[in-house]
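*Asks:* The structure is given below, and queries will be raised subsequently.
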Amino acid sequence: SVQAVLGISPAVPQSQIIMARTVAETIGIPLSEVPTTEGSDETYQRNDGYACFVCKTHLYSTLETVANTVMEQQEQKHRIEGTHPQNHPVILYNGTNADDTQDPTRLGLIAASNFRVHSPLDRITKDEVRQAAKFLGLPNWNAAASPCLRSRLAMGVMATEGHLRAVEMAEEFVREVLGLDETVNARVRMLSGGKAMVELDNSILESGDDGETNWAADLLRDFGFEARCIDEWGFNSFGGVRGFKTGSVAAMPTEDSKHVVTAAS
C-alpha cells in the first residue's frame, strides 16, 4: 500500500497545503497531514545556513515515526486475524529531482541520506518531471516552484512564526493585486533589517515597464502594500520590486554552524 504524508508547520503556505490535497485526490492516494516541530529548534530559528538541514531532519524523523506506527498497526492486525505477517519494510520517498542534487544549498539532501530516504526522481530534471506530471494530468504540472516560506528569509533573519506569516501574507497580497496565478514566480523576501523585497518574473516586469518607473512597485504602493507591510505584517520597510532569481537570498552555512551536520551525520 502507498500513503502520502505532508508535514505541516508555519513554513508551509496554506496554498501549498490545498494544492497537495488536490494532487493527492487527483492521483487517488490517501494523504495524511502531520505536524512537524522544526520551528522550536534554535538552530532552525537562527537561519544561519543550516535551517534546511534541521527542517528536513525534523520532517524525516516525524515520517520515520509514522512509518513505525504503520508497521506496528500491521503487526497488530495480523495478530488479531491470526495471519502471518509479510514483514514488508516501510520505504520513505521524496520528490528530489536531478536539478535539486546540483544545488549546494540544499542541505536537506544530507538529512534524507541520514534517514535512508529514497529519491526515485533524482535521475530526471525538473522539466522532465513537469512533462510527466502533465501527461498524468496533475493540476500542478506547470505551477511555479514554491519552496518553504523560510527560504524567503535572508540568511541571519530569524525564522520565527511571525516572519514566516509575514511573507505568506505579503505574497498573497502581491498575487491578488497584480493578478498573478500559480504559474508565475512571485516572492516577497525579508531582507536584513526587516526590509520587504518583492521579486517577480522578468516577463511580468517587462510587460508593463515604461522604462522610467517600476510599475509593479507603484501599483503595490497605490494599493497600500507598503503601509500593510509595516503596520500589519511586521516588516520595517518596503525595498521595491526586482527580477526573480531562484535562491536569491540562499547562502552556504557559516563556519560557526558546520558542527550541526557533522554532529547529526
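FYI, nothing fancy with the C-alpha cells labels: chains A, B, ... in order, residues from 1 per chain, ligands from 1 as they appear.
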Using backbone DSSP assignments, extract all helix (DSSP H, G or I) residues from segment 16-233 of chain A; output them as a PyMOL selection string.
*Replies:* chain A and resi 16-27+38-40+42-46+51-81+100-102+108-114+126-135+149-152+161-178+192-194+202-208+215-222+225-233
*Asks:* Take the residues from that selection and write them out as a CSV table (one decimal), in the first residue's frame, keeping C-alpha atoms.
*Replies:*
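So the final result, stored in part37.csv, reads:
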chain,number,residue,atom,x,y,z
A,16,GLN,CA,0.6,24.6,-1.0
A,17,ILE,CA,-1.4,22.6,1.6
A,18,ILE,CA,-4.5,23.0,-0.6
A,19,MET,CA,-2.6,22.0,-3.7
A,20,ALA,CA,-1.2,18.9,-2.0
A,21,ARG,CA,-4.7,17.8,-1.1
A,22,THR,CA,-5.8,18.4,-4.7
A,23,VAL,CA,-2.9,16.5,-6.2
A,24,ALA,CA,-3.5,13.5,-3.8
A,25,GLU,CA,-7.2,13.5,-4.7
A,26,THR,CA,-6.4,13.5,-8.4
A,27,ILE,CA,-3.9,10.6,-8.0
A,38,GLU,CA,11.4,22.5,13.4
A,39,GLY,CA,10.1,25.9,14.4
A,40,SER,CA,11.0,25.1,18.1
A,42,GLU,CA,17.1,27.1,17.9
A,43,THR,CA,19.4,26.2,15.1
A,44,TYR,CA,16.5,26.4,12.6
A,45,GLN,CA,15.4,29.7,14.1
A,46,ARG,CA,18.9,31.2,13.7
A,51,ALA,CA,17.9,25.6,8.6
A,52,CYS,CA,17.1,23.4,5.6
A,53,PHE,CA,19.1,20.5,7.1
A,54,VAL,CA,17.4,20.9,10.5
A,55,CYS,CA,14.0,21.2,9.0
A,56,LYS,CA,14.3,18.0,6.9
A,57,THR,CA,15.8,16.2,9.9
A,58,HIS,CA,12.6,17.0,11.9
A,59,LEU,CA,10.5,16.1,8.9
A,60,TYR,CA,12.1,12.7,8.3
A,61,SER,CA,12.2,12.0,12.0
A,62,THR,CA,8.4,12.5,12.0
A,63,LEU,CA,7.9,10.4,8.9
A,64,GLU,CA,10.0,7.6,10.4
A,65,THR,CA,7.7,7.7,13.4
A,66,VAL,CA,4.7,7.5,11.1
A,67,ALA,CA,6.3,4.5,9.3
A,68,ASN,CA,7.0,2.7,12.6
A,69,THR,CA,3.4,3.2,13.6
A,70,VAL,CA,2.1,1.8,10.4
A,71,MET,CA,4.3,-1.3,10.9
A,72,GLU,CA,3.0,-1.8,14.4
A,73,GLN,CA,-0.6,-1.5,13.2
A,74,GLN,CA,0.1,-4.1,10.5
A,75,GLU,CA,1.6,-6.5,13.0
A,76,GLN,CA,-1.3,-6.0,15.4
A,77,LYS,CA,-3.8,-6.6,12.6
A,78,HIS,CA,-2.1,-9.9,11.8
A,79,ARG,CA,-2.1,-11.0,15.4
A,80,ILE,CA,-5.8,-10.3,15.7
A,81,GLU,CA,-6.6,-12.1,12.4
A,100,ASP,CA,18.0,19.6,-6.9
A,101,THR,CA,21.1,17.5,-6.4
A,102,GLN,CA,23.2,20.2,-8.1
A,108,GLY,CA,18.2,18.8,3.4
A,109,LEU,CA,19.5,16.2,1.0
A,110,ILE,CA,22.0,15.2,3.7
A,111,ALA,CA,19.2,14.7,6.1
A,112,ALA,CA,17.4,12.5,3.5
A,113,SER,CA,20.6,10.4,3.2
A,114,ASN,CA,20.8,10.1,7.0
A,126,LYS,CA,12.6,19.3,-13.2
A,127,ASP,CA,11.4,19.9,-16.7
A,128,GLU,CA,11.1,16.2,-17.3
A,129,VAL,CA,9.1,15.9,-14.0
A,130,ARG,CA,6.8,18.6,-15.3
A,131,GLN,CA,6.3,16.7,-18.6
A,132,ALA,CA,5.4,13.5,-16.8
A,133,ALA,CA,3.0,15.4,-14.5
A,134,LYS,CA,1.3,17.0,-17.5
A,135,PHE,CA,1.0,13.6,-19.2
A,149,LEU,CA,8.4,30.2,3.4
A,150,ARG,CA,11.7,30.1,5.4
A,151,SER,CA,13.5,30.3,2.0
A,152,ARG,CA,12.2,33.8,1.7
A,161,GLU,CA,6.5,32.1,13.0
A,162,GLY,CA,5.8,35.8,12.8
A,163,HIS,CA,8.3,36.3,10.0
A,164,LEU,CA,7.0,33.3,8.1
A,165,ARG,CA,3.5,34.5,8.4
A,166,ALA,CA,4.6,38.0,7.2
A,167,VAL,CA,6.0,36.7,3.9
A,168,GLU,CA,3.0,34.5,3.3
A,169,MET,CA,0.5,37.3,3.8
A,170,ALA,CA,2.6,39.7,1.7
A,171,GLU,CA,2.9,37.2,-1.2
A,172,GLU,CA,-0.9,36.6,-1.2
A,173,PHE,CA,-1.4,40.3,-1.4
A,174,VAL,CA,1.1,40.7,-4.3
A,175,ARG,CA,-0.5,37.9,-6.3
A,176,GLU,CA,-4.0,39.3,-5.7
A,177,VAL,CA,-3.2,42.9,-6.6
A,178,LEU,CA,-1.1,42.0,-9.7
A,192,SER,CA,18.3,42.2,6.7
A,193,GLY,CA,16.7,44.9,8.8
A,194,GLY,CA,13.2,43.6,8.1
A,202,ASN,CA,11.2,39.4,-15.6
A,203,SER,CA,8.5,38.7,-18.2
A,204,ILE,CA,5.9,40.3,-15.8
A,205,LEU,CA,8.1,43.3,-15.1
A,206,GLU,CA,8.7,43.9,-18.8
A,207,SER,CA,5.1,43.6,-19.6
A,208,GLY,CA,4.3,47.0,-18.0
A,215,TRP,CA,5.0,49.9,-12.5
A,216,ALA,CA,4.7,46.9,-10.2
A,217,ALA,CA,6.1,48.8,-7.2
A,218,ASP,CA,4.0,51.8,-7.9
A,219,LEU,CA,0.9,49.7,-8.2
A,220,LEU,CA,1.6,47.9,-5.0
A,221,ARG,CA,2.1,51.2,-3.2
A,222,ASP,CA,-1.2,52.5,-4.6
A,225,PHE,CA,1.3,47.3,0.2
A,226,GLU,CA,4.0,49.4,1.9
A,227,ALA,CA,1.7,50.5,4.7
A,228,ARG,CA,0.4,47.0,5.4
A,229,CYS,CA,4.0,45.6,5.3
A,230,ILE,CA,4.9,47.9,8.2
A,231,ASP,CA,1.6,48.3,10.1
A,232,GLU,CA,0.2,44.8,9.8
A,233,TRP,CA,2.7,42.2,8.7
*Asks:* Quick one: residues within 6 Å of segment 138-146 of chain A, only C-alpha atoms counted, chain neighbours fewer than 6 positions away excluded, as a PyMOL selection string?
*Replies:* chain A and resi 130+182-185
*Asks:* Go ahead and dump the residues you just picked, all heavy atoms, as a PDB file, in the first residue's frame.
*Replies:*
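The resulting result-v6.pdb:
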ATOM      1  N   ARG A 130       7.964  17.807 -14.895  1.00  0.00           N
ATOM      2  CA  ARG A 130       6.778  18.558 -15.328  1.00  0.00           C
ATOM      3  C   ARG A 130       6.098  17.876 -16.523  1.00  0.00           C
ATOM      4  O   ARG A 130       4.869  17.789 -16.591  1.00  0.00           O
ATOM      5  CB  ARG A 130       7.172  19.985 -15.697  1.00  0.00           C
ATOM      6  CG  ARG A 130       7.568  20.857 -14.508  1.00  0.00           C
ATOM      7  CD  ARG A 130       7.776  22.298 -14.958  1.00  0.00           C
ATOM      8  NE  ARG A 130       8.227  23.155 -13.879  1.00  0.00           N
ATOM      9  CZ  ARG A 130       7.427  23.698 -12.961  1.00  0.00           C
ATOM     10  NH1 ARG A 130       6.129  23.442 -13.005  1.00  0.00           N
ATOM     11  NH2 ARG A 130       7.905  24.481 -12.012  1.00  0.00           N
ATOM     12  N   GLU A 182      -0.729  30.717 -10.283  1.00  0.00           N
ATOM     13  CA  GLU A 182       0.298  29.865  -9.680  1.00  0.00           C
ATOM     14  C   GLU A 182       1.440  29.530 -10.623  1.00  0.00           C
ATOM     15  O   GLU A 182       2.460  28.971 -10.190  1.00  0.00           O
ATOM     16  CB  GLU A 182      -0.326  28.560  -9.173  1.00  0.00           C
ATOM     17  CG  GLU A 182      -0.814  27.595 -10.241  1.00  0.00           C
ATOM     18  CD  GLU A 182      -2.206  27.945 -10.770  1.00  0.00           C
ATOM     19  OE1 GLU A 182      -2.786  28.957 -10.314  1.00  0.00           O
ATOM     20  OE2 GLU A 182      -2.709  27.192 -11.630  1.00  0.00           O
ATOM     21  N   THR A 183       1.322  29.881 -11.912  1.00  0.00           N
ATOM     22  CA  THR A 183       2.398  29.587 -12.852  1.00  0.00           C
ATOM     23  C   THR A 183       3.490  30.659 -12.851  1.00  0.00           C
ATOM     24  O   THR A 183       4.542  30.475 -13.470  1.00  0.00           O
ATOM     25  CB  THR A 183       1.858  29.452 -14.292  1.00  0.00           C
ATOM     26  OG1 THR A 183       1.364  30.724 -14.736  1.00  0.00           O
ATOM     27  CG2 THR A 183       0.738  28.428 -14.353  1.00  0.00           C
ATOM     28  N   VAL A 184       3.261  31.767 -12.152  1.00  0.00           N
ATOM     29  CA  VAL A 184       4.198  32.890 -12.135  1.00  0.00           C
ATOM     30  C   VAL A 184       5.047  32.863 -10.869  1.00  0.00           C
ATOM     31  O   VAL A 184       4.521  32.656  -9.767  1.00  0.00           O
ATOM     32  CB  VAL A 184       3.450  34.234 -12.218  1.00  0.00           C
ATOM     33  CG1 VAL A 184       4.420  35.415 -12.108  1.00  0.00           C
ATOM     34  CG2 VAL A 184       2.652  34.320 -13.507  1.00  0.00           C
ATOM     35  N   ASN A 185       6.337  33.070 -11.023  1.00  0.00           N
ATOM     36  CA  ASN A 185       7.218  33.187  -9.860  1.00  0.00           C
ATOM     37  C   ASN A 185       7.015  34.548  -9.207  1.00  0.00           C
ATOM     38  O   ASN A 185       7.188  35.586  -9.848  1.00  0.00           O
ATOM     39  CB  ASN A 185       8.682  33.037 -10.269  1.00  0.00           C
ATOM     40  CG  ASN A 185       9.054  31.605 -10.580  1.00  0.00           C
ATOM     41  OD1 ASN A 185       8.980  30.740  -9.708  1.00  0.00           O
ATOM     42  ND2 ASN A 185       9.441  31.343 -11.818  1.00  0.00           N
TER      43      ASN A 185
END
*Asks:* Would you work out the distance separating atom CA of Gly28 of chain A from atom CA of Leu6 of chain A, expressed in Å to one decimal?
*Replies:* 15.2 Å
*Asks:* One decimal, Å: what's the distance from atom CA of Thr160 of chain A over to atom CA of Phe244 of chain A, could you say?
*Replies:*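 For atom CA of Thr160 of chain A relative to atom CA of Phe244 of chain A, the distance reads 23.7 Å.
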*Asks:* Mind checking which residues fall within 7 Å of Ala4 of chain A, counting only C-alpha atoms, ignoring those fewer than 5 positions away in the same chain, and posting them as number ranges by chain?
*Replies:* A: 29-32
*Asks:* Residues of the last selection are to be written out with N, CA, C and O atoms, as a PDB file, in the first residue's frame.
*Replies:*
ATOM      1  N   ILE A  29      -4.645   8.857  -3.974  1.00  0.00           N
ATOM      2  CA  ILE A  29      -3.811   8.319  -2.903  1.00  0.00           C
ATOM      3  C   ILE A  29      -4.205   8.970  -1.583  1.00  0.00           C
ATOM      4  O   ILE A  29      -4.466  10.180  -1.536  1.00  0.00           O
ATOM      5  N   PRO A  30      -4.314   8.211  -0.511  1.00  0.00           N
ATOM      6  CA  PRO A  30      -4.641   8.817   0.786  1.00  0.00           C
ATOM      7  C   PRO A  30      -3.533   9.734   1.267  1.00  0.00           C
ATOM      8  O   PRO A  30      -2.347   9.429   1.088  1.00  0.00           O
ATOM      9  N   LEU A  31      -3.911  10.858   1.846  1.00  0.00           N
ATOM     10  CA  LEU A  31      -2.941  11.849   2.318  1.00  0.00           C
ATOM     11  C   LEU A  31      -3.116  12.076   3.813  1.00  0.00           C
ATOM     12  O   LEU A  31      -4.213  12.376   4.279  1.00  0.00           O
ATOM     13  N   SER A  32      -2.028  11.936   4.549  1.00  0.00           N
ATOM     14  CA  SER A  32      -2.021  12.255   5.974  1.00  0.00           C
ATOM     15  C   SER A  32      -1.239  13.540   6.185  1.00  0.00           C
ATOM     16  O   SER A  32      -0.217  13.762   5.527  1.00  0.00           O
TER      17      SER A  32
END
*Asks:* As a VMD selection string, list the residues of segment 33-243 of chain A assigned to strand (DSSP E or B) by DSSP on the backbone atoms of this structure.
*Replies:* chain A and resid 33 to 35 93 118 153 186 to 191 195 to 200 237 to 243
*Asks:* Given only C-alpha atoms as the basis, pick out the residue of A:Arg106, A:Arg187, A:His88, A:Arg116 nearest to Thr246 of chain A.
*Replies:*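 Closest to Thr246 of chain A of all the choices is A:Arg187.
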*Asks:* Can you pull out every residue within 8 Å of Pro35 of chain A, counting only C-alpha atoms, but drop anything in the same chain fewer than 2 positions away, and send it as a PyMOL selection string?
*Replies:* chain A and resi 7-9+33+37
*Asks:* With a distance cut-off of 9 Å and only C-alpha atoms, select the neighbouring residues of Lys195 of chain A, excluding the residue or stretch itself and same-chain residues fewer than 6 positions from it, and output the selection as a ChimeraX atom specification.
*Replies:* /A:189,235-239
